[in-house]
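**Q** Got protein01.cif for you, mmCIF, N, CA and C atoms:
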data_upload
#
loop_
_atom_site.label_atom_id
_atom_site.label_comp_id
_atom_site.auth_asym_id
_atom_site.auth_seq_id
_atom_site.Cartn_x
_atom_site.Cartn_y
_atom_site.Cartn_z
N MET A 883 0.85 -1.17 0.00
CA MET A 883 0.00 0.00 0.00
C MET A 883 0.90 1.24 0.00
N PRO A 884 0.61 2.24 -0.84
CA PRO A 884 1.44 3.44 -0.88
C PRO A 884 1.41 4.18 0.46
N ASN A 885 2.47 4.90 0.71
CA ASN A 885 2.58 5.68 1.93
C ASN A 885 3.19 7.02 1.59
N TRP A 886 2.58 8.09 2.05
CA TRP A 886 3.12 9.43 1.86
C TRP A 886 3.42 10.02 3.22
N ILE A 887 4.52 10.77 3.29
CA ILE A 887 4.90 11.39 4.56
C ILE A 887 5.15 12.87 4.35
N ARG A 888 4.93 13.61 5.43
CA ARG A 888 5.31 15.03 5.46
C ARG A 888 6.47 15.10 6.44
N ILE A 889 7.59 15.60 5.95
CA ILE A 889 8.81 15.57 6.73
C ILE A 889 9.43 16.96 6.79
N GLU A 890 9.91 17.35 7.96
CA GLU A 890 10.63 18.61 8.14
C GLU A 890 11.80 18.35 9.06
N HIS A 891 12.95 18.88 8.69
CA HIS A 891 14.17 18.74 9.49
C HIS A 891 14.42 17.27 9.84
N ASN A 892 14.18 16.39 8.86
CA ASN A 892 14.40 14.95 8.99
C ASN A 892 13.46 14.26 9.96
N LEU A 893 12.44 14.95 10.46
CA LEU A 893 11.46 14.35 11.34
C LEU A 893 10.16 14.14 10.57
N VAL A 894 9.63 12.92 10.61
CA VAL A 894 8.37 12.62 9.94
C VAL A 894 7.25 13.19 10.83
N LEU A 895 6.56 14.20 10.31
CA LEU A 895 5.50 14.84 11.08
C LEU A 895 4.16 14.13 10.91
N GLU A 896 3.93 13.58 9.70
CA GLU A 896 2.66 12.91 9.42
C GLU A 896 2.88 11.85 8.38
N SER A 897 1.99 10.87 8.36
CA SER A 897 1.99 9.88 7.28
C SER A 897 0.54 9.55 6.95
N THR A 898 0.33 9.15 5.70
CA THR A 898 -1.01 8.77 5.26
C THR A 898 -0.89 7.74 4.15
N ASP A 899 -1.88 6.85 4.08
CA ASP A 899 -1.89 5.87 2.99
C ASP A 899 -2.77 6.34 1.83
N ALA A 900 -3.41 7.50 1.99
CA ALA A 900 -4.23 8.08 0.92
C ALA A 900 -3.43 9.18 0.22
N ASP A 901 -3.48 9.20 -1.08
CA ASP A 901 -2.75 10.19 -1.85
C ASP A 901 -3.14 11.60 -1.37
N PRO A 902 -2.16 12.39 -0.88
CA PRO A 902 -2.49 13.70 -0.32
C PRO A 902 -2.75 14.78 -1.37
N LYS A 903 -2.53 14.49 -2.65
CA LYS A 903 -2.69 15.50 -3.69
C LYS A 903 -4.10 16.10 -3.63
N GLY A 904 -4.17 17.41 -3.48
CA GLY A 904 -5.43 18.12 -3.46
C GLY A 904 -6.17 18.06 -2.14
N ARG A 905 -5.66 17.32 -1.16
CA ARG A 905 -6.33 17.20 0.12
C ARG A 905 -5.83 18.21 1.15
N PHE A 906 -4.65 18.76 0.91
CA PHE A 906 -4.05 19.67 1.88
C PHE A 906 -3.60 20.94 1.17
N HIS A 907 -3.26 21.92 1.96
CA HIS A 907 -2.79 23.19 1.40
C HIS A 907 -1.56 22.91 0.54
N PRO A 908 -1.45 23.56 -0.63
CA PRO A 908 -0.35 23.28 -1.55
C PRO A 908 1.04 23.56 -0.98
N ASP A 909 1.14 24.37 0.07
CA ASP A 909 2.46 24.64 0.66
C ASP A 909 3.00 23.46 1.45
N LEU A 910 2.14 22.52 1.81
CA LEU A 910 2.60 21.33 2.53
C LEU A 910 3.15 20.34 1.52
N LYS A 911 4.38 19.92 1.71
CA LYS A 911 5.05 19.03 0.76
C LYS A 911 5.02 17.59 1.29
N TRP A 912 4.54 16.69 0.46
CA TRP A 912 4.44 15.28 0.79
C TRP A 912 5.33 14.48 -0.15
N VAL A 913 5.94 13.41 0.35
CA VAL A 913 6.78 12.52 -0.46
C VAL A 913 6.39 11.07 -0.17
N LYS A 914 6.60 10.23 -1.18
CA LYS A 914 6.34 8.80 -0.98
C LYS A 914 7.44 8.21 -0.09
N ALA A 915 7.04 7.22 0.70
CA ALA A 915 7.99 6.56 1.61
C ALA A 915 7.56 5.11 1.77
N PRO A 916 8.47 4.28 2.28
CA PRO A 916 8.08 2.89 2.55
C PRO A 916 6.90 2.84 3.52
N SER A 917 6.10 1.79 3.44
CA SER A 917 4.87 1.71 4.21
C SER A 917 5.10 1.64 5.73
N HIS A 918 6.30 1.27 6.16
CA HIS A 918 6.55 1.17 7.61
C HIS A 918 6.88 2.53 8.24
N VAL A 919 7.08 3.56 7.43
CA VAL A 919 7.46 4.87 7.96
C VAL A 919 6.21 5.58 8.49
N VAL A 920 6.29 6.02 9.75
CA VAL A 920 5.16 6.68 10.40
C VAL A 920 5.63 7.95 11.11
N ALA A 921 4.68 8.77 11.54
CA ALA A 921 4.99 10.00 12.25
C ALA A 921 5.84 9.70 13.48
N GLY A 922 6.82 10.58 13.71
CA GLY A 922 7.71 10.42 14.84
C GLY A 922 9.06 9.81 14.48
N MET A 923 9.14 9.14 13.33
CA MET A 923 10.40 8.55 12.91
C MET A 923 11.34 9.64 12.41
N VAL A 924 12.62 9.34 12.40
CA VAL A 924 13.65 10.29 11.98
C VAL A 924 14.37 9.71 10.77
N LYS A 925 14.58 10.56 9.77
CA LYS A 925 15.31 10.13 8.58
C LYS A 925 16.80 10.21 8.85
N GLN A 926 17.51 9.12 8.55
CA GLN A 926 18.96 9.05 8.75
C GLN A 926 19.69 9.56 7.51
N GLU A 927 20.99 9.79 7.63
CA GLU A 927 21.78 10.28 6.50
C GLU A 927 21.75 9.32 5.32
N ASP A 928 21.63 8.01 5.59
CA ASP A 928 21.61 7.02 4.50
C ASP A 928 20.24 6.89 3.86
N GLY A 929 19.25 7.68 4.32
CA GLY A 929 17.91 7.65 3.75
C GLY A 929 16.95 6.72 4.47
N SER A 930 17.44 5.95 5.43
CA SER A 930 16.56 5.06 6.19
C SER A 930 15.84 5.86 7.28
N PHE A 931 14.81 5.25 7.85
CA PHE A 931 14.04 5.88 8.91
C PHE A 931 14.09 5.02 10.15
N VAL A 932 14.26 5.66 11.31
CA VAL A 932 14.33 4.94 12.59
C VAL A 932 13.46 5.63 13.62
N VAL A 933 13.05 4.84 14.61
CA VAL A 933 12.35 5.41 15.76
C VAL A 933 13.43 5.94 16.69
N PRO A 934 13.37 7.21 17.09
CA PRO A 934 14.43 7.76 17.93
C PRO A 934 14.39 7.14 19.33
N GLU A 935 15.55 7.12 19.94
CA GLU A 935 15.65 6.66 21.33
C GLU A 935 14.88 7.63 22.22
N PRO A 936 14.15 7.13 23.20
CA PRO A 936 13.45 8.05 24.09
C PRO A 936 14.45 8.91 24.87
N ALA A 937 14.12 10.17 25.00
CA ALA A 937 14.99 11.08 25.75
C ALA A 937 14.73 10.88 27.24
N PRO A 938 15.74 11.12 28.05
CA PRO A 938 15.51 11.06 29.50
C PRO A 938 14.41 12.06 29.87
N ASP A 939 13.72 11.78 30.95
CA ASP A 939 12.59 12.62 31.36
C ASP A 939 12.97 14.09 31.53
N ASN A 940 14.20 14.38 31.90
CA ASN A 940 14.59 15.77 32.15
C ASN A 940 15.32 16.41 30.96
N ALA A 941 15.39 15.72 29.83
CA ALA A 941 16.14 16.24 28.68
C ALA A 941 15.27 17.19 27.87
N ALA A 942 15.89 18.25 27.41
CA ALA A 942 15.20 19.20 26.52
C ALA A 942 15.34 18.70 25.09
N PRO A 943 14.35 18.97 24.24
CA PRO A 943 14.50 18.54 22.84
C PRO A 943 15.62 19.30 22.16
N PRO A 944 16.24 18.70 21.16
CA PRO A 944 17.29 19.41 20.43
C PRO A 944 16.74 20.72 19.87
N PRO A 945 17.57 21.77 19.82
CA PRO A 945 17.06 23.07 19.37
C PRO A 945 16.59 23.10 17.92
N ASP A 946 17.13 22.23 17.06
CA ASP A 946 16.73 22.26 15.65
C ASP A 946 15.55 21.34 15.34
N LEU A 947 15.04 20.65 16.36
CA LEU A 947 13.93 19.73 16.17
C LEU A 947 12.62 20.51 16.25
N PRO A 948 11.80 20.47 15.18
CA PRO A 948 10.55 21.24 15.22
C PRO A 948 9.57 20.64 16.23
N VAL A 949 8.75 21.48 16.76
CA VAL A 949 7.70 21.03 17.66
C VAL A 949 6.57 20.47 16.79
N PHE A 950 6.09 19.29 17.12
CA PHE A 950 5.01 18.69 16.34
C PHE A 950 3.71 19.42 16.64
N VAL A 951 3.10 19.90 15.58
CA VAL A 951 1.80 20.55 15.68
C VAL A 951 0.86 19.77 14.77
N PRO A 952 -0.25 19.26 15.29
CA PRO A 952 -1.16 18.51 14.42
C PRO A 952 -1.61 19.37 13.24
N LEU A 953 -1.72 18.73 12.10
CA LEU A 953 -2.13 19.43 10.89
C LEU A 953 -3.58 19.85 11.01
N THR A 954 -3.83 21.10 10.69
CA THR A 954 -5.20 21.58 10.66
C THR A 954 -5.69 21.48 9.22
N PRO A 955 -6.99 21.37 9.03
CA PRO A 955 -7.50 21.30 7.66
C PRO A 955 -7.13 22.56 6.89
N PRO A 956 -7.10 22.45 5.57
CA PRO A 956 -6.77 23.64 4.79
C PRO A 956 -7.80 24.73 5.05
N PRO A 957 -7.40 25.98 4.82
CA PRO A 957 -8.35 27.06 5.04
C PRO A 957 -9.63 26.84 4.24
N THR A 958 -10.74 27.29 4.79
CA THR A 958 -12.01 27.05 4.12
C THR A 958 -12.14 27.84 2.83
N SER A 959 -11.21 28.76 2.56
CA SER A 959 -11.28 29.49 1.29
C SER A 959 -10.84 28.61 0.13
N ILE A 960 -10.16 27.51 0.41
CA ILE A 960 -9.71 26.59 -0.64
C ILE A 960 -10.63 25.38 -0.63
N LEU A 961 -11.33 25.19 -1.73
CA LEU A 961 -12.34 24.15 -1.83
C LEU A 961 -12.04 23.19 -2.97
N SER A 962 -12.54 21.98 -2.85
CA SER A 962 -12.51 21.09 -4.01
C SER A 962 -13.48 21.67 -5.03
N LYS A 963 -13.34 21.25 -6.27
CA LYS A 963 -14.26 21.75 -7.30
C LYS A 963 -15.69 21.35 -6.97
N LEU A 964 -15.89 20.13 -6.47
CA LEU A 964 -17.24 19.70 -6.12
C LEU A 964 -17.82 20.53 -4.98
N ALA A 965 -17.01 20.79 -3.96
CA ALA A 965 -17.50 21.61 -2.84
C ALA A 965 -17.88 23.00 -3.34
N PHE A 966 -17.10 23.55 -4.26
CA PHE A 966 -17.42 24.86 -4.83
C PHE A 966 -18.74 24.80 -5.61
N MET A 967 -18.89 23.78 -6.46
CA MET A 967 -20.11 23.65 -7.26
C MET A 967 -21.34 23.43 -6.36
N ASN A 968 -21.14 22.76 -5.23
CA ASN A 968 -22.25 22.52 -4.31
C ASN A 968 -22.74 23.80 -3.63
N ARG A 969 -22.00 24.87 -3.76
CA ARG A 969 -22.45 26.15 -3.20
C ARG A 969 -23.55 26.79 -4.05
N PHE A 970 -23.74 26.29 -5.27
CA PHE A 970 -24.76 26.80 -6.17
C PHE A 970 -26.01 25.91 -6.08
N THR A 971 -27.17 26.50 -6.31
CA THR A 971 -28.39 25.70 -6.41
C THR A 971 -28.41 25.04 -7.80
N LEU A 972 -29.22 24.00 -7.95
CA LEU A 972 -29.35 23.35 -9.25
C LEU A 972 -29.88 24.33 -10.29
N GLU A 973 -30.79 25.20 -9.87
CA GLU A 973 -31.34 26.19 -10.80
C GLU A 973 -30.25 27.16 -11.27
N GLU A 974 -29.40 27.58 -10.35
CA GLU A 974 -28.29 28.48 -10.73
C GLU A 974 -27.35 27.78 -11.69
N LEU A 975 -27.00 26.53 -11.39
CA LEU A 975 -26.10 25.79 -12.27
C LEU A 975 -26.73 25.60 -13.65
N GLY A 976 -28.02 25.29 -13.67
CA GLY A 976 -28.70 25.15 -14.95
C GLY A 976 -28.63 26.43 -15.75
N GLY A 977 -28.84 27.56 -15.12
CA GLY A 977 -28.74 28.85 -15.80
C GLY A 977 -27.35 29.14 -16.30
N ILE A 978 -26.35 28.80 -15.50
CA ILE A 978 -24.95 29.05 -15.88
C ILE A 978 -24.58 28.19 -17.10
N TYR A 979 -24.92 26.90 -17.04
CA TYR A 979 -24.59 26.02 -18.17
C TYR A 979 -25.36 26.40 -19.43
N THR A 980 -26.59 26.83 -19.27
CA THR A 980 -27.37 27.27 -20.42
C THR A 980 -26.74 28.52 -21.02
N ALA A 981 -26.34 29.46 -20.16
CA ALA A 981 -25.71 30.70 -20.63
C ALA A 981 -24.38 30.42 -21.33
N ALA A 982 -23.68 29.36 -20.91
CA ALA A 982 -22.38 29.04 -21.51
C ALA A 982 -22.52 28.68 -22.98
N ARG A 983 -23.70 28.24 -23.40
CA ARG A 983 -23.92 27.90 -24.82
C ARG A 983 -23.92 29.14 -25.70
N LYS A 984 -24.20 30.30 -25.10
CA LYS A 984 -24.29 31.54 -25.88
C LYS A 984 -23.22 32.55 -25.52
N SER A 985 -22.64 32.42 -24.34
CA SER A 985 -21.66 33.40 -23.87
C SER A 985 -20.28 32.76 -23.73
N VAL A 986 -19.34 33.24 -24.50
CA VAL A 986 -17.98 32.70 -24.43
C VAL A 986 -17.38 32.93 -23.05
N MET A 987 -17.65 34.05 -22.42
CA MET A 987 -17.06 34.35 -21.12
C MET A 987 -17.57 33.39 -20.04
N VAL A 988 -18.84 33.02 -20.09
CA VAL A 988 -19.36 32.03 -19.14
C VAL A 988 -18.72 30.68 -19.42
N GLU A 989 -18.54 30.34 -20.69
CA GLU A 989 -17.88 29.09 -21.05
C GLU A 989 -16.43 29.07 -20.57
N VAL A 990 -15.75 30.21 -20.69
CA VAL A 990 -14.37 30.31 -20.20
C VAL A 990 -14.32 30.07 -18.70
N PHE A 991 -15.25 30.66 -17.95
CA PHE A 991 -15.31 30.46 -16.50
C PHE A 991 -15.45 28.97 -16.18
N LEU A 992 -16.36 28.28 -16.86
CA LEU A 992 -16.56 26.86 -16.60
C LEU A 992 -15.35 26.02 -17.01
N ASP A 993 -14.70 26.39 -18.11
CA ASP A 993 -13.49 25.67 -18.54
C ASP A 993 -12.36 25.83 -17.52
N LYS A 994 -12.20 27.06 -17.02
CA LYS A 994 -11.15 27.27 -16.01
C LYS A 994 -11.46 26.49 -14.74
N LEU A 995 -12.74 26.39 -14.40
CA LEU A 995 -13.13 25.60 -13.23
C LEU A 995 -12.80 24.13 -13.45
N ARG A 996 -13.06 23.61 -14.65
CA ARG A 996 -12.75 22.21 -14.96
C ARG A 996 -11.25 21.93 -14.86
N LEU A 997 -10.43 22.89 -15.26
CA LEU A 997 -8.98 22.68 -15.29
C LEU A 997 -8.30 22.90 -13.94
N ALA A 998 -8.97 23.60 -13.05
CA ALA A 998 -8.37 23.92 -11.75
C ALA A 998 -8.21 22.66 -10.89
N GLU A 999 -7.17 22.65 -10.06
CA GLU A 999 -7.01 21.57 -9.09
C GLU A 999 -7.93 21.79 -7.90
N HIS A 1000 -8.16 23.03 -7.57
CA HIS A 1000 -9.04 23.41 -6.47
C HIS A 1000 -9.55 24.82 -6.76
N VAL A 1001 -10.45 25.31 -5.94
CA VAL A 1001 -10.99 26.65 -6.11
C VAL A 1001 -10.73 27.43 -4.82
N ASP A 1002 -10.08 28.57 -4.96
CA ASP A 1002 -9.84 29.46 -3.82
C ASP A 1002 -10.80 30.63 -3.97
N VAL A 1003 -11.77 30.72 -3.07
CA VAL A 1003 -12.78 31.77 -3.20
C VAL A 1003 -12.24 33.16 -2.87
N THR A 1004 -10.99 33.24 -2.42
CA THR A 1004 -10.38 34.56 -2.21
C THR A 1004 -9.51 34.97 -3.39
N ASP A 1005 -9.35 34.09 -4.37
CA ASP A 1005 -8.54 34.39 -5.55
C ASP A 1005 -9.24 35.44 -6.41
N PRO A 1006 -8.51 36.47 -6.83
CA PRO A 1006 -9.13 37.53 -7.63
C PRO A 1006 -9.79 37.02 -8.92
N GLN A 1007 -9.23 35.97 -9.53
CA GLN A 1007 -9.83 35.43 -10.75
C GLN A 1007 -11.17 34.75 -10.45
N THR A 1008 -11.26 34.06 -9.32
CA THR A 1008 -12.52 33.44 -8.93
C THR A 1008 -13.57 34.52 -8.68
N ILE A 1009 -13.18 35.54 -7.94
CA ILE A 1009 -14.10 36.63 -7.63
C ILE A 1009 -14.57 37.32 -8.92
N ALA A 1010 -13.62 37.60 -9.82
CA ALA A 1010 -13.98 38.26 -11.09
C ALA A 1010 -14.92 37.38 -11.92
N GLY A 1011 -14.67 36.08 -11.94
CA GLY A 1011 -15.55 35.17 -12.68
C GLY A 1011 -16.96 35.17 -12.12
N LEU A 1012 -17.07 35.14 -10.79
CA LEU A 1012 -18.39 35.16 -10.17
C LEU A 1012 -19.07 36.51 -10.38
N GLN A 1013 -18.29 37.59 -10.36
CA GLN A 1013 -18.87 38.91 -10.61
C GLN A 1013 -19.40 38.99 -12.05
N SER A 1014 -18.71 38.34 -12.98
CA SER A 1014 -19.21 38.36 -14.37
C SER A 1014 -20.50 37.56 -14.48
N LEU A 1015 -20.63 36.47 -13.69
CA LEU A 1015 -21.89 35.73 -13.68
C LEU A 1015 -23.01 36.59 -13.11
N ALA A 1016 -22.70 37.34 -12.07
CA ALA A 1016 -23.71 38.25 -11.49
C ALA A 1016 -24.06 39.35 -12.48
N GLY A 1017 -23.06 39.88 -13.18
CA GLY A 1017 -23.29 40.92 -14.17
C GLY A 1017 -24.17 40.44 -15.32
N ALA A 1018 -24.10 39.13 -15.60
CA ALA A 1018 -24.92 38.55 -16.67
C ALA A 1018 -26.30 38.16 -16.15
N GLY A 1019 -26.58 38.44 -14.88
CA GLY A 1019 -27.89 38.13 -14.31
C GLY A 1019 -28.05 36.68 -13.88
N LEU A 1020 -26.94 35.94 -13.79
CA LEU A 1020 -27.02 34.52 -13.43
C LEU A 1020 -26.95 34.30 -11.92
N LEU A 1021 -26.47 35.31 -11.19
CA LEU A 1021 -26.41 35.28 -9.73
C LEU A 1021 -26.79 36.66 -9.22
N SER A 1022 -27.49 36.71 -8.10
CA SER A 1022 -27.74 38.00 -7.46
C SER A 1022 -26.49 38.39 -6.68
N GLU A 1023 -26.38 39.64 -6.31
CA GLU A 1023 -25.24 40.09 -5.51
C GLU A 1023 -25.22 39.36 -4.17
N ALA A 1024 -26.39 39.13 -3.59
CA ALA A 1024 -26.47 38.42 -2.31
C ALA A 1024 -25.95 36.98 -2.47
N ARG A 1025 -26.34 36.30 -3.55
CA ARG A 1025 -25.88 34.93 -3.78
C ARG A 1025 -24.39 34.91 -4.07
N LEU A 1026 -23.91 35.92 -4.78
CA LEU A 1026 -22.48 36.02 -5.04
C LEU A 1026 -21.72 36.03 -3.72
N GLN A 1027 -22.17 36.84 -2.77
CA GLN A 1027 -21.50 36.92 -1.47
C GLN A 1027 -21.59 35.60 -0.71
N GLU A 1028 -22.72 34.90 -0.81
CA GLU A 1028 -22.87 33.60 -0.14
C GLU A 1028 -21.91 32.57 -0.73
N VAL A 1029 -21.77 32.57 -2.05
CA VAL A 1029 -20.88 31.60 -2.70
C VAL A 1029 -19.42 31.86 -2.29
N LEU A 1030 -19.07 33.13 -2.07
CA LEU A 1030 -17.70 33.48 -1.70
C LEU A 1030 -17.38 33.22 -0.23
N LYS A 1031 -18.39 32.95 0.60
CA LYS A 1031 -18.13 32.72 2.04
C LYS A 1031 -17.54 31.37 2.26
#
Will you turn the file into structure tokens for me?
**A**
Amino acid sequence: MPNWIRIEHNLVLESTDADPKGRFHPDLKWVKAPSHVVAGMVKQEDGSFVVPEPAPDNAAPPPDLPVFVPLTPPPTSILSKLAFMNRFTLEELGGIYTAARKSVMVEVFLDKLRLAEHVDVTDPQTIAGLQSLAGAGLLSEARLQEVLK
């Protein structure tokens, strides 16, 4: 079974058997690792991973060792494409897709949505695209603000 780890300063902070692509904030870097590698292990110079020896009760952690902080979910401004689409009613989506048959700009918005890995509702391009839908009468200003929340 595949295994991905998030590692900093040679310390494995997290591991998962599910492909992390698109599940976490893009700034978090994940790499494949052997299936036995889990959080808390340390990467050695030869590339192997070991469980560190327990420190004495009164020992301070090494100064270069990061403090483990559990991963928080990505900010709610970054959504999967499905989560973004679910912010629209079926009637709104029907209107948008119908308008795309006649309006190149609406079609461009939908094409960019299809190609995106995720949707960031704080991204200026996302906001501009939604504003163009509102300008075309496909969304009210109130609905535009709800979709952006």
**Q** Enter the distance from atom N of Phe906 (chain A) to atom N of Val951 (chain A), in Å, rounded to one decimal.
**A**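 Straight-line distance from atom N of Phe906 (chain A) to atom N of Val951 (chain A) works out to 16.6 Å.
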**Q** Go ahead and compute the interatomic distance for atom C of Arg996 (chain A) and atom N of Ser1022 (chain A), in Å to one decimal.
**A** 23.0 Å
**Q** Starting from the shown file, work through the PyMOL selection byres ((chain A and resi 1023-1031) around 6.5) and note down what comes out as JSON, numbers by chain.
**A** {"A": [958, 969, 1003, 1012, 1016, 1021, 1022]}
**Q** In Å, with one decimal, what is the gap from atom N of Lys911 (chain A) to CA of Leu953 (chain A)?
**A**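 Interatomic distance here is 11.3 Å.
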**Q** How would you write, as an mmCIF file with N, CA and C atoms, keeping the file's coordinate frame, the residues chosen by the PyMOL selection byres (((chain A and resi 915 and name CA) around 7) and name CA) on this structure?
**A**
data_model
loop_
_atom_site.group_PDB
_atom_site.id
_atom_site.type_symbol
_atom_site.label_atom_id
_atom_site.label_comp_id
_atom_site.auth_asym_id
_atom_site.auth_seq_id
_atom_site.Cartn_x
_atom_site.Cartn_y
_atom_site.Cartn_z
ATOM 1 N N ASN A 885 2.470 4.900 0.710
ATOM 2 C CA ASN A 885 2.580 5.680 1.930
ATOM 3 C C ASN A 885 3.190 7.020 1.590
ATOM 4 N N TRP A 886 2.580 8.090 2.050
ATOM 5 C CA TRP A 886 3.120 9.430 1.860
ATOM 6 C C TRP A 886 3.420 10.020 3.220
ATOM 7 N N ILE A 887 4.520 10.770 3.290
ATOM 8 C CA ILE A 887 4.900 11.390 4.560
ATOM 9 C C ILE A 887 5.150 12.870 4.350
ATOM 10 N N VAL A 913 5.940 13.410 0.350
ATOM 11 C CA VAL A 913 6.780 12.520 -0.460
ATOM 12 C C VAL A 913 6.390 11.070 -0.170
ATOM 13 N N LYS A 914 6.600 10.230 -1.180
ATOM 14 C CA LYS A 914 6.340 8.800 -0.980
ATOM 15 C C LYS A 914 7.440 8.210 -0.090
ATOM 16 N N PRO A 916 8.470 4.280 2.280
ATOM 17 C CA PRO A 916 8.080 2.890 2.550
ATOM 18 C C PRO A 916 6.900 2.840 3.520
ATOM 19 N N SER A 917 6.100 1.790 3.440
ATOM 20 C CA SER A 917 4.870 1.710 4.210
ATOM 21 C C SER A 917 5.100 1.640 5.730
ATOM 22 N N VAL A 919 7.080 3.560 7.430
ATOM 23 C CA VAL A 919 7.460 4.870 7.960
ATOM 24 C C VAL A 919 6.210 5.580 8.490
#
**Q** For a quick check of understanding, using only N, CA and C atoms, which of A:Met987, A:Ala981, A:Leu997, A:Ile889 has the smallest distance to Gly1011 (chain A)?
**A** A:Met987
**Q** Evaluated on this file, the PyMOL selection byres (((chain A and resi 974-980 and name CA) around 10) and name CA) picks out some residues - which ones are they, written as a PyMOL selection string?
**A** chain A and resi 967-973+981-985+988-989+991-992+1015+1018-1021+1025
